[in-house]
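**Student:** Sharing structure.cif below, mmCIF, C-alpha atoms and all ligand atoms; chains and numbers go by the auth columns:
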```cif
data_my_file
loop_
_atom_site.group_PDB
_atom_site.id
_atom_site.type_symbol
_atom_site.label_atom_id
_atom_site.label_comp_id
_atom_site.label_asym_id
_atom_site.label_seq_id
_atom_site.Cartn_x
_atom_site.Cartn_y
_atom_site.Cartn_z
_atom_site.B_iso_or_equiv
_atom_site.auth_seq_id
_atom_site.auth_asym_id
ATOM 1 C CA MET A 1 101.336 42.886 136.818 0.00 1 A
ATOM 2 C CA LYS A 2 97.553 43.027 137.197 0.00 2 A
ATOM 3 C CA LEU A 3 96.139 43.655 133.738 0.00 3 A
ATOM 4 C CA LEU A 4 92.548 44.751 133.237 0.00 4 A
ATOM 5 C CA HIS A 5 91.395 43.695 129.764 0.00 5 A
ATOM 6 C CA VAL A 6 88.192 45.405 128.661 0.00 6 A
ATOM 7 C CA ASP A 7 86.265 44.602 125.454 0.00 7 A
ATOM 8 C CA THR A 8 83.259 46.523 124.193 0.00 8 A
ATOM 9 C CA SER A 9 82.278 45.361 120.707 0.00 9 A
ATOM 10 C CA VAL A 10 78.789 43.944 120.262 0.00 10 A
ATOM 11 C CA ARG A 11 80.370 41.489 117.836 0.00 11 A
ATOM 12 C CA PHE A 12 82.088 38.435 119.261 0.00 12 A
ATOM 13 C CA GLU A 13 83.772 35.913 116.928 0.00 13 A
ATOM 14 C CA ARG A 14 83.768 38.393 114.009 0.00 14 A
ATOM 15 C CA SER A 15 85.061 41.281 116.081 0.00 15 A
ATOM 16 C CA ALA A 16 88.224 42.998 114.886 0.00 16 A
ATOM 17 C CA SER A 17 88.769 44.870 118.141 0.00 17 A
ATOM 18 C CA ARG A 18 88.332 41.730 120.253 0.00 18 A
ATOM 19 C CA SER A 19 90.744 39.784 118.050 0.00 19 A
ATOM 20 C CA LEU A 20 93.370 42.521 118.471 0.00 20 A
ATOM 21 C CA SER A 21 93.020 42.799 122.238 0.00 21 A
ATOM 22 C CA ARG A 22 93.171 38.995 122.511 0.00 22 A
ATOM 23 C CA TYR A 23 96.301 39.028 120.352 0.00 23 A
ATOM 24 C CA PHE A 24 97.913 41.636 122.627 0.00 24 A
ATOM 25 C CA VAL A 25 97.009 39.806 125.838 0.00 25 A
ATOM 26 C CA ASP A 26 98.226 36.471 124.452 0.00 26 A
ATOM 27 C CA GLN A 27 101.551 37.973 123.363 0.00 27 A
ATOM 28 C CA LEU A 28 102.014 39.762 126.654 0.00 28 A
ATOM 29 C CA THR A 29 101.190 36.786 128.861 0.00 29 A
ATOM 30 C CA GLU A 30 103.572 34.655 126.808 0.00 30 A
ATOM 31 C CA ARG A 31 106.446 37.086 127.387 0.00 31 A
ATOM 32 C CA VAL A 32 105.573 38.251 130.901 0.00 32 A
ATOM 33 C CA PRO A 33 104.340 35.145 132.750 0.00 33 A
ATOM 34 C CA ALA A 34 103.545 37.049 135.938 0.00 34 A
ATOM 35 C CA VAL A 35 100.697 38.946 134.268 0.00 35 A
ATOM 36 C CA GLU A 36 97.385 38.352 136.006 0.00 36 A
ATOM 37 C CA VAL A 37 94.498 39.112 133.644 0.00 37 A
ATOM 38 C CA ARG A 38 91.021 40.242 134.673 0.00 38 A
ATOM 39 C CA HIS A 39 88.634 40.354 131.713 0.00 39 A
ATOM 40 C CA LEU A 40 85.662 42.699 131.664 0.00 40 A
ATOM 41 C CA ASP A 41 83.191 42.425 128.793 0.00 41 A
ATOM 42 C CA LEU A 42 81.111 45.576 128.589 0.00 42 A
ATOM 43 C CA ALA A 43 78.818 44.042 125.962 0.00 43 A
ATOM 44 C CA LYS A 44 77.781 41.390 128.496 0.00 44 A
ATOM 45 C CA GLU A 45 78.353 43.157 131.811 0.00 45 A
ATOM 46 C CA THR A 46 77.124 46.623 130.857 0.00 46 A
ATOM 47 C CA PRO A 47 77.200 49.042 133.795 0.00 47 A
ATOM 48 C CA ALA A 48 73.876 50.702 134.603 0.00 48 A
ATOM 49 C CA HIS A 49 73.336 54.212 133.304 0.00 49 A
ATOM 50 C CA VAL A 50 73.680 56.760 136.055 0.00 50 A
ATOM 51 C CA ASN A 51 70.454 58.229 137.451 0.00 51 A
ATOM 52 C CA GLU A 52 69.414 60.976 139.857 0.00 52 A
ATOM 53 C CA LEU A 53 70.111 58.944 143.003 0.00 53 A
ATOM 54 C CA PHE A 54 73.554 58.071 141.656 0.00 54 A
ATOM 55 C CA THR A 55 74.457 61.723 141.143 0.00 55 A
ATOM 56 C CA GLN A 56 73.194 62.663 144.619 0.00 56 A
ATOM 57 C CA ALA A 57 75.122 59.784 146.159 0.00 57 A
ATOM 58 C CA ALA A 58 78.335 60.428 144.229 0.00 58 A
ATOM 59 C CA TYR A 59 78.431 64.065 145.377 0.00 59 A
ATOM 60 C CA THR A 60 77.592 63.264 149.005 0.00 60 A
ATOM 61 C CA PRO A 61 80.603 62.570 151.293 0.00 61 A
ATOM 62 C CA PRO A 62 80.878 58.806 152.081 0.00 62 A
ATOM 63 C CA GLY A 63 80.058 59.200 155.801 0.00 63 A
ATOM 64 C CA GLU A 64 76.861 61.126 155.046 0.00 64 A
ATOM 65 C CA ARG A 65 75.332 58.767 152.487 0.00 65 A
ATOM 66 C CA THR A 66 72.070 56.968 153.199 0.00 66 A
ATOM 67 C CA PRO A 67 71.998 53.141 152.906 0.00 67 A
ATOM 68 C CA GLU A 68 70.069 53.647 149.651 0.00 68 A
ATOM 69 C CA MET A 69 72.877 55.836 148.288 0.00 69 A
ATOM 70 C CA ASP A 70 75.524 53.309 149.336 0.00 70 A
ATOM 71 C CA ALA A 71 73.612 50.545 147.572 0.00 71 A
ATOM 72 C CA CYS A 72 73.280 52.670 144.442 0.00 72 A
ATOM 73 C CA LEU A 73 77.045 53.274 144.304 0.00 73 A
ATOM 74 C CA TRP A 74 78.073 49.693 145.014 0.00 74 A
ATOM 75 C CA ALA A 75 78.690 48.645 141.389 0.00 75 A
ATOM 76 C CA SER A 76 80.415 51.910 140.551 0.00 76 A
ATOM 77 C CA ASP A 77 82.665 51.586 143.617 0.00 77 A
ATOM 78 C CA ALA A 78 83.612 48.065 142.494 0.00 78 A
ATOM 79 C CA LEU A 79 84.524 49.279 139.004 0.00 79 A
ATOM 80 C CA CYS A 80 86.576 52.179 140.398 0.00 80 A
ATOM 81 C CA ASP A 81 88.388 49.789 142.738 0.00 81 A
ATOM 82 C CA LEU A 82 89.090 47.471 139.823 0.00 82 A
ATOM 83 C CA LEU A 83 90.777 50.338 137.952 0.00 83 A
ATOM 84 C CA LEU A 84 92.685 51.521 141.005 0.00 84 A
ATOM 85 C CA GLU A 85 93.952 48.020 141.837 0.00 85 A
ATOM 86 C CA SER A 86 95.120 47.315 138.267 0.00 86 A
ATOM 87 C CA ASP A 87 98.641 48.037 137.100 0.00 87 A
ATOM 88 C CA ALA A 88 97.744 48.242 133.435 0.00 88 A
ATOM 89 C CA PHE A 89 94.717 48.475 131.163 0.00 89 A
ATOM 90 C CA VAL A 90 93.987 47.339 127.655 0.00 90 A
ATOM 91 C CA PHE A 91 90.706 48.596 126.237 0.00 91 A
ATOM 92 C CA SER A 92 89.383 47.446 122.872 0.00 92 A
ATOM 93 C CA ILE A 93 86.884 49.907 121.475 0.00 93 A
ATOM 94 C CA PRO A 94 85.181 50.002 118.085 0.00 94 A
ATOM 95 C CA MET A 95 83.976 53.401 116.877 0.00 95 A
ATOM 96 C CA TYR A 96 80.191 53.731 116.929 0.00 96 A
ATOM 97 C CA ASN A 97 78.908 56.981 115.447 0.00 97 A
ATOM 98 C CA PHE A 98 82.172 58.872 115.744 0.00 98 A
ATOM 99 C CA CYS A 99 82.910 57.934 119.351 0.00 99 A
ATOM 100 C CA TYR A 100 82.841 54.946 121.720 0.00 100 A
ATOM 101 C CA PRO A 101 79.873 52.556 122.115 0.00 101 A
ATOM 102 C CA SER A 102 77.238 53.674 124.621 0.00 102 A
ATOM 103 C CA THR A 103 78.244 50.798 126.912 0.00 103 A
ATOM 104 C CA PHE A 104 81.652 52.394 127.270 0.00 104 A
ATOM 105 C CA LYS A 105 80.057 55.759 128.059 0.00 105 A
ATOM 106 C CA ALA A 106 78.030 54.050 130.800 0.00 106 A
ATOM 107 C CA PHE A 107 81.301 52.567 132.090 0.00 107 A
ATOM 108 C CA LEU A 108 82.978 56.009 132.102 0.00 108 A
ATOM 109 C CA ASP A 109 80.053 57.612 133.909 0.00 109 A
ATOM 110 C CA ASN A 110 80.515 54.968 136.611 0.00 110 A
ATOM 111 C CA VAL A 111 84.272 55.339 136.991 0.00 111 A
ATOM 112 C CA VAL A 112 85.030 59.054 136.708 0.00 112 A
ATOM 113 C CA ARG A 113 84.297 59.534 140.408 0.00 113 A
ATOM 114 C CA GLY A 114 85.434 62.165 142.877 0.00 114 A
ATOM 115 C CA GLY A 115 87.077 60.556 145.920 0.00 115 A
ATOM 116 C CA LYS A 116 87.862 57.482 143.845 0.00 116 A
ATOM 117 C CA THR A 117 89.583 57.897 140.466 0.00 117 A
ATOM 118 C CA TYR A 118 90.230 61.587 141.096 0.00 118 A
ATOM 119 C CA THR A 119 90.541 63.553 144.304 0.00 119 A
ATOM 120 C CA HIS A 120 90.713 67.192 145.345 0.00 120 A
ATOM 121 C CA ALA A 121 94.029 68.430 146.739 0.00 121 A
ATOM 122 C CA GLU A 122 94.005 70.954 149.596 0.00 122 A
ATOM 123 C CA ASP A 123 94.683 73.778 147.169 0.00 123 A
ATOM 124 C CA GLY A 124 91.642 72.757 145.124 0.00 124 A
ATOM 125 C CA ARG A 125 93.547 71.047 142.339 0.00 125 A
ATOM 126 C CA LEU A 126 92.054 67.881 140.888 0.00 126 A
ATOM 127 C CA VAL A 127 94.396 64.933 141.128 0.00 127 A
ATOM 128 C CA GLY A 128 93.843 61.920 138.887 0.00 128 A
ATOM 129 C CA GLN A 129 94.480 58.666 140.736 0.00 129 A
ATOM 130 C CA LEU A 130 95.389 56.445 137.774 0.00 130 A
ATOM 131 C CA SER A 131 98.813 57.974 137.181 0.00 131 A
ATOM 132 C CA ARG A 132 100.815 54.775 137.827 0.00 132 A
ATOM 133 C CA GLN A 133 98.849 52.589 135.399 0.00 133 A
ATOM 134 C CA LYS A 134 99.919 51.819 131.851 0.00 134 A
ATOM 135 C CA ALA A 135 97.046 52.208 129.405 0.00 135 A
ATOM 136 C CA LEU A 136 96.584 50.881 125.896 0.00 136 A
ATOM 137 C CA PHE A 137 93.568 51.739 123.764 0.00 137 A
ATOM 138 C CA ILE A 138 92.964 49.506 120.745 0.00 138 A
ATOM 139 C CA THR A 139 90.397 51.205 118.549 0.00 139 A
ATOM 140 C CA THR A 140 88.812 50.080 115.303 0.00 140 A
ATOM 141 C CA ARG A 141 86.951 52.125 112.701 0.00 141 A
ATOM 142 C CA GLY A 142 84.919 51.015 109.726 0.00 142 A
ATOM 143 C CA THR A 143 86.332 53.898 107.700 0.00 143 A
ATOM 144 C CA ASP A 144 89.821 55.353 107.554 0.00 144 A
ATOM 145 C CA MET A 145 90.070 58.412 109.801 0.00 145 A
ATOM 146 C CA ARG A 146 93.817 58.679 109.927 0.00 146 A
ATOM 147 C CA PRO A 147 95.185 62.253 110.057 0.00 147 A
ATOM 148 C CA GLY A 148 95.299 63.921 106.674 0.00 148 A
ATOM 149 C CA GLY A 149 92.503 61.742 105.228 0.00 149 A
ATOM 150 C CA THR A 150 89.009 62.831 104.160 0.00 150 A
ATOM 151 C CA PHE A 151 87.352 61.633 107.379 0.00 151 A
ATOM 152 C CA ALA A 152 90.011 62.677 109.899 0.00 152 A
ATOM 153 C CA ASP A 153 87.830 65.470 111.331 0.00 153 A
ATOM 154 C CA TYR A 154 85.092 62.973 112.262 0.00 154 A
ATOM 155 C CA ASP A 155 87.183 61.245 114.909 0.00 155 A
ATOM 156 C CA ALA A 156 85.658 62.161 118.253 0.00 156 A
ATOM 157 C CA LEU A 157 86.817 58.877 119.801 0.00 157 A
ATOM 158 C CA THR A 158 90.515 59.511 120.410 0.00 158 A
ATOM 159 C CA PRO A 159 90.046 62.994 121.941 0.00 159 A
ATOM 160 C CA ALA A 160 87.238 61.705 124.193 0.00 160 A
ATOM 161 C CA LEU A 161 89.424 58.864 125.488 0.00 161 A
ATOM 162 C CA ARG A 162 92.367 61.192 126.037 0.00 162 A
ATOM 163 C CA ALA A 163 90.169 63.628 127.983 0.00 163 A
ATOM 164 C CA ALA A 164 88.501 61.107 130.287 0.00 164 A
ATOM 165 C CA PHE A 165 91.598 59.088 131.108 0.00 165 A
ATOM 166 C CA GLY A 166 93.861 62.158 131.281 0.00 166 A
ATOM 167 C CA PHE A 167 91.408 63.573 133.837 0.00 167 A
ATOM 168 C CA MET A 168 91.767 60.370 135.869 0.00 168 A
ATOM 169 C CA GLY A 169 95.544 60.810 135.786 0.00 169 A
ATOM 170 C CA VAL A 170 96.599 58.377 133.063 0.00 170 A
ATOM 171 C CA GLN A 171 99.986 59.449 131.717 0.00 171 A
ATOM 172 C CA ASN A 172 101.116 58.727 128.165 0.00 172 A
ATOM 173 C CA PRO A 173 98.256 56.501 127.010 0.00 173 A
ATOM 174 C CA GLN A 174 99.139 54.355 124.013 0.00 174 A
ATOM 175 C CA PHE A 175 96.831 54.015 121.003 0.00 175 A
ATOM 176 C CA VAL A 176 96.678 51.383 118.308 0.00 176 A
ATOM 177 C CA ASP A 177 94.050 52.310 115.744 0.00 177 A
ATOM 178 C CA ALA A 178 93.018 49.712 113.171 0.00 178 A
ATOM 179 C CA GLN A 179 91.245 51.325 110.227 0.00 179 A
ATOM 180 C CA PRO A 180 89.509 50.853 107.830 0.00 180 A
ATOM 181 C CA VAL A 181 88.139 47.486 108.947 0.00 181 A
ATOM 182 C CA GLN A 182 84.659 47.486 107.419 0.00 182 A
ATOM 183 C CA PHE A 183 83.881 49.851 104.580 0.00 183 A
ATOM 184 C CA ALA A 184 86.917 49.547 102.283 0.00 184 A
ATOM 185 C CA GLY A 185 87.003 45.860 101.426 0.00 185 A
ATOM 186 C CA VAL A 186 88.626 42.712 102.718 0.00 186 A
ATOM 187 C CA GLU A 187 92.151 43.546 101.607 0.00 187 A
ATOM 188 C CA ALA A 188 92.142 46.953 103.317 0.00 188 A
ATOM 189 C CA ARG A 189 90.784 45.313 106.483 0.00 189 A
ATOM 190 C CA GLU A 190 93.516 42.670 106.477 0.00 190 A
ATOM 191 C CA MET A 191 96.173 45.344 105.950 0.00 191 A
ATOM 192 C CA ALA A 192 94.759 47.471 108.761 0.00 192 A
ATOM 193 C CA LEU A 193 94.756 44.483 111.131 0.00 193 A
ATOM 194 C CA ALA A 194 98.322 43.539 110.134 0.00 194 A
ATOM 195 C CA ARG A 195 99.499 47.142 110.794 0.00 195 A
ATOM 196 C CA ALA A 196 97.771 47.047 114.168 0.00 196 A
ATOM 197 C CA ARG A 197 99.351 43.710 115.133 0.00 197 A
ATOM 198 C CA LYS A 198 102.788 45.137 114.286 0.00 198 A
ATOM 199 C CA ASP A 199 102.105 48.143 116.528 0.00 199 A
ATOM 200 C CA LEU A 200 100.920 45.786 119.276 0.00 200 A
ATOM 201 C CA ASP A 201 104.138 43.753 119.012 0.00 201 A
ATOM 202 C CA ARG A 202 106.090 46.952 119.680 0.00 202 A
ATOM 203 C CA ILE A 203 103.943 47.762 122.701 0.00 203 A
ATOM 204 C CA VAL A 204 104.334 44.235 124.108 0.00 204 A
ATOM 205 C CA ALA A 205 108.113 44.674 123.888 0.00 205 A
ATOM 206 C CA ASP A 206 107.823 48.106 125.528 0.00 206 A
ATOM 207 C CA TRP A 207 105.675 46.791 128.411 0.00 207 A
ATOM 208 C CA GLN A 208 108.014 43.829 128.835 0.00 208 A
ATOM 209 C CA THR A 209 110.977 46.134 129.419 0.00 209 A
ATOM 210 C CA ARG A 210 108.983 48.463 131.705 0.00 210 A
ATOM 211 C CA ASP A 211 107.519 45.657 133.856 0.00 211 A
HETATM 212 C C1 LIG B . 76.309 51.232 115.547 0.00 301 A
HETATM 213 C C2 LIG B . 77.567 51.354 114.714 0.00 301 A
HETATM 214 C C3 LIG B . 78.061 52.601 114.410 0.00 301 A
HETATM 215 C C4 LIG B . 79.231 52.743 113.660 0.00 301 A
HETATM 216 N N1 LIG B . 79.724 53.989 113.421 0.00 301 A
HETATM 217 C C5 LIG B . 80.897 54.113 112.758 0.00 301 A
HETATM 218 C C6 LIG B . 81.480 55.408 112.565 0.00 301 A
HETATM 219 O O1 LIG B . 80.980 56.430 113.007 0.00 301 A
HETATM 220 N N2 LIG B . 82.636 55.477 111.887 0.00 301 A
HETATM 221 C C7 LIG B . 83.274 54.370 111.413 0.00 301 A
HETATM 222 O O2 LIG B . 84.334 54.503 110.817 0.00 301 A
HETATM 223 N N3 LIG B . 82.753 53.138 111.607 0.00 301 A
HETATM 224 C C8 LIG B . 81.596 52.988 112.259 0.00 301 A
HETATM 225 N N4 LIG B . 81.078 51.742 112.486 0.00 301 A
HETATM 226 C C9 LIG B . 81.838 50.553 112.038 0.00 301 A
HETATM 227 C C10 LIG B . 82.633 49.992 113.203 0.00 301 A
HETATM 228 O O3 LIG B . 83.504 50.980 113.727 0.00 301 A
HETATM 229 C C11 LIG B . 83.444 48.787 112.802 0.00 301 A
HETATM 230 O O4 LIG B . 82.618 47.814 112.248 0.00 301 A
HETATM 231 C C12 LIG B . 84.121 48.292 114.056 0.00 301 A
HETATM 232 O O5 LIG B . 85.168 49.167 114.409 0.00 301 A
HETATM 233 C C13 LIG B . 84.723 46.965 113.946 0.00 301 A
HETATM 234 O O6 LIG B . 85.072 46.554 115.241 0.00 301 A
HETATM 235 P P1 LIG B . 84.495 45.167 115.783 0.00 301 A
HETATM 236 O O7 LIG B . 84.658 44.202 114.632 0.00 301 A
HETATM 237 O O8 LIG B . 85.341 44.867 116.935 0.00 301 A
HETATM 238 O O9 LIG B . 83.043 45.341 116.123 0.00 301 A
HETATM 239 C C14 LIG B . 79.909 51.585 113.204 0.00 301 A
HETATM 240 C C15 LIG B . 79.396 50.310 113.520 0.00 301 A
HETATM 241 C C16 LIG B . 78.246 50.193 114.272 0.00 301 A
HETATM 242 C C17 LIG B . 77.739 48.814 114.620 0.00 301 A
#
```
Please go through the file and, once you have read it, give me the structure as structure tokens.
**Tutor:**
Amino acid sequence: MKLLHVDTSVRFERSASRSLSRYFVDQLTERVPAVEVRHLDLAKETPAHVNELFTQAAYTPPGERTPEMDACLWASDALCDLLLESDAFVFSIPMYNFCYPSTFKAFLDNVVRGGKTYTHAEDGRLVGQLSRQKALFITTRGTDMRPGGTFADYDALTPALRAAFGFMGVQNPQFVDAQPVQFAGVEAREMALARARKDLDRIVADWQTRD
């Protein structure tokens, strides 16, 4: 199994989301030795924001692109290919201002690409190309936005992830949401992380049986 492991937090050693994704990858590689992990750190390898040339190039058929357009799409093509070649994804994503960090938005703008991660069928339907990949999203929030709570309506992160990856064809994405990890004290953080690790154990077992 080729696993793409993507981290986004600007924190490193003190990062809750990174510690959870590392925990998941360690557990999985222990149980499924054939897993081949490719790590992408969006805090260090942040994709460029898209610009006018990028949009022109992305909407021009491959055979009609100028050398300048091809060069502009090179990094985006590589990221799309990385997604397409992977069998599974684990993304760790802290909530920044109700949604994902801007680095992750830059990543999405580079990978939601016609002719790559989605295509047009003859009848005009859009067909997401990531339908065979397993996908796990580990999210962390400083506050508690679980359904039914005071802040539940402020969660724009989960719907945004579902939309973008559903559009690219991902079926049944799995979510492990650790919250609150910052604004409710140390004990609440530890409990949130313990709940998340338990959920991750279940997903490791699930992926092990589906591999
Ligand atoms: C720029 C910034 C914006 C944040 N916005 C929110 C927010 O809207 N809601 C929230 O619950 N926590 C917010 N937080 C807290 C982070 O979500 C929390 O510290 C993070 O999930 C912990 O993950 P990490 O340790 O992996 O960085 C924000 C943190 C930063 C740095």
**Student:** I'd like to see the residues matched by the PyMOL selection byres (((chain A and resi 141-150) around 7) and not hetatm) on this file, and ideally I'd get them as a PyMOL selection string.
**Tutor:** chain A and resi 94-95+139-140+151-152+155+178-184
**Student:** Write out as a PyMOL selection string each polymer residue whose atoms come within 12 Å of Phe24 in chain A, counting all atoms listed in the file; drop sequence neighbours fewer than 4 positions from it.
**Tutor:** chain A and resi 3+5+17-20+28-32+37+89-92+136-138+176+196-205+207
**Student:** One number please: CA of Leu40 in chain A to CA of Met191 in chain A, in Å, one decimal.
**Tutor:**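 Separation between CA of Leu40 in chain A and CA of Met191 in chain A: 27.9 Å.
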**Student:** Please measure the separation of CA of Pro67 in chain A and CA of Tyr118 in chain A, giving the value in Å to one decimal.
**Tutor:** 23.3 Å
**Student:** Work out how far apart CA of Ala156 in chain A and CA of Ala135 in chain A are and give it in Å to one decimal.
**Tutor:**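 These atoms are spaced 18.8 Å apart.
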**Student:** Can you patch up range 151-166 of chain A, filling it in to N, CA, C and O atoms, and show the result as an mmCIF file, in the coordinates of the input?
**Tutor:**
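The new file result-v9.cif reads:
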```cif
data_model
loop_
_atom_site.group_PDB
_atom_site.id
_atom_site.type_symbol
_atom_site.label_atom_id
_atom_site.label_comp_id
_atom_site.auth_asym_id
_atom_site.auth_seq_id
_atom_site.Cartn_x
_atom_site.Cartn_y
_atom_site.Cartn_z
ATOM 1 N N PHE A 151 88.249 61.753 106.219
ATOM 2 C CA PHE A 151 87.352 61.633 107.379
ATOM 3 C C PHE A 151 88.026 61.953 108.719
ATOM 4 O O PHE A 151 87.437 61.734 109.771
ATOM 5 N N ALA A 152 89.249 62.465 108.655
ATOM 6 C CA ALA A 152 90.011 62.677 109.899
ATOM 7 C C ALA A 152 89.256 63.549 110.906
ATOM 8 O O ALA A 152 89.295 63.286 112.115
ATOM 9 N N ASP A 153 88.521 64.541 110.420
ATOM 10 C CA ASP A 153 87.830 65.470 111.331
ATOM 11 C C ASP A 153 86.648 64.824 112.055
ATOM 12 O O ASP A 153 86.070 65.420 112.959
ATOM 13 N N TYR A 154 86.258 63.614 111.633
ATOM 14 C CA TYR A 154 85.092 62.973 112.262
ATOM 15 C C TYR A 154 85.471 62.133 113.480
ATOM 16 O O TYR A 154 84.628 61.504 114.082
ATOM 17 N N ASP A 155 86.753 62.098 113.799
ATOM 18 C CA ASP A 155 87.183 61.245 114.909
ATOM 19 C C ASP A 155 86.994 61.935 116.257
ATOM 20 O O ASP A 155 87.830 62.731 116.684
ATOM 21 N N ALA A 156 85.887 61.627 116.905
ATOM 22 C CA ALA A 156 85.658 62.161 118.253
ATOM 23 C C ALA A 156 86.057 61.128 119.312
ATOM 24 O O ALA A 156 85.950 61.391 120.511
ATOM 25 N N LEU A 157 86.508 59.962 118.866
ATOM 26 C CA LEU A 157 86.817 58.877 119.801
ATOM 27 C C LEU A 157 88.139 59.110 120.537
ATOM 28 O O LEU A 157 88.186 59.082 121.777
ATOM 29 N N THR A 158 89.202 59.361 119.775
ATOM 30 C CA THR A 158 90.515 59.511 120.410
ATOM 31 C C THR A 158 90.533 60.700 121.383
ATOM 32 O O THR A 158 90.981 60.538 122.528
ATOM 33 N N PRO A 159 90.038 61.881 120.985
ATOM 34 C CA PRO A 159 90.046 62.994 121.941
ATOM 35 C C PRO A 159 89.220 62.709 123.197
ATOM 36 O O PRO A 159 89.609 63.101 124.298
ATOM 37 N N ALA A 160 88.098 61.998 123.027
ATOM 38 C CA ALA A 160 87.238 61.705 124.193
ATOM 39 C C ALA A 160 87.952 60.762 125.162
ATOM 40 O O ALA A 160 87.862 60.916 126.388
ATOM 41 N N LEU A 161 88.672 59.783 124.613
ATOM 42 C CA LEU A 161 89.424 58.864 125.488
ATOM 43 C C LEU A 161 90.549 59.594 126.194
ATOM 44 O O LEU A 161 90.778 59.414 127.399
ATOM 45 N N ARG A 162 91.258 60.433 125.430
ATOM 46 C CA ARG A 162 92.367 61.192 126.037
ATOM 47 C C ARG A 162 91.857 62.073 127.177
ATOM 48 O O ARG A 162 92.479 62.178 128.235
ATOM 49 N N ALA A 163 90.709 62.717 126.962
ATOM 50 C CA ALA A 163 90.169 63.628 127.983
ATOM 51 C C ALA A 163 89.797 62.866 129.255
ATOM 52 O O ALA A 163 90.229 63.216 130.358
ATOM 53 N N ALA A 164 89.012 61.815 129.101
ATOM 54 C CA ALA A 164 88.501 61.107 130.287
ATOM 55 C C ALA A 164 89.637 60.458 131.079
ATOM 56 O O ALA A 164 89.693 60.571 132.311
ATOM 57 N N PHE A 165 90.539 59.801 130.384
ATOM 58 C CA PHE A 165 91.598 59.088 131.108
ATOM 59 C C PHE A 165 92.693 60.044 131.577
ATOM 60 O O PHE A 165 93.301 59.834 132.626
ATOM 61 N N GLY A 166 92.926 61.133 130.817
ATOM 62 C CA GLY A 166 93.861 62.158 131.281
ATOM 63 C C GLY A 166 93.341 62.781 132.571
ATOM 64 O O GLY A 166 94.090 63.009 133.526
#
```
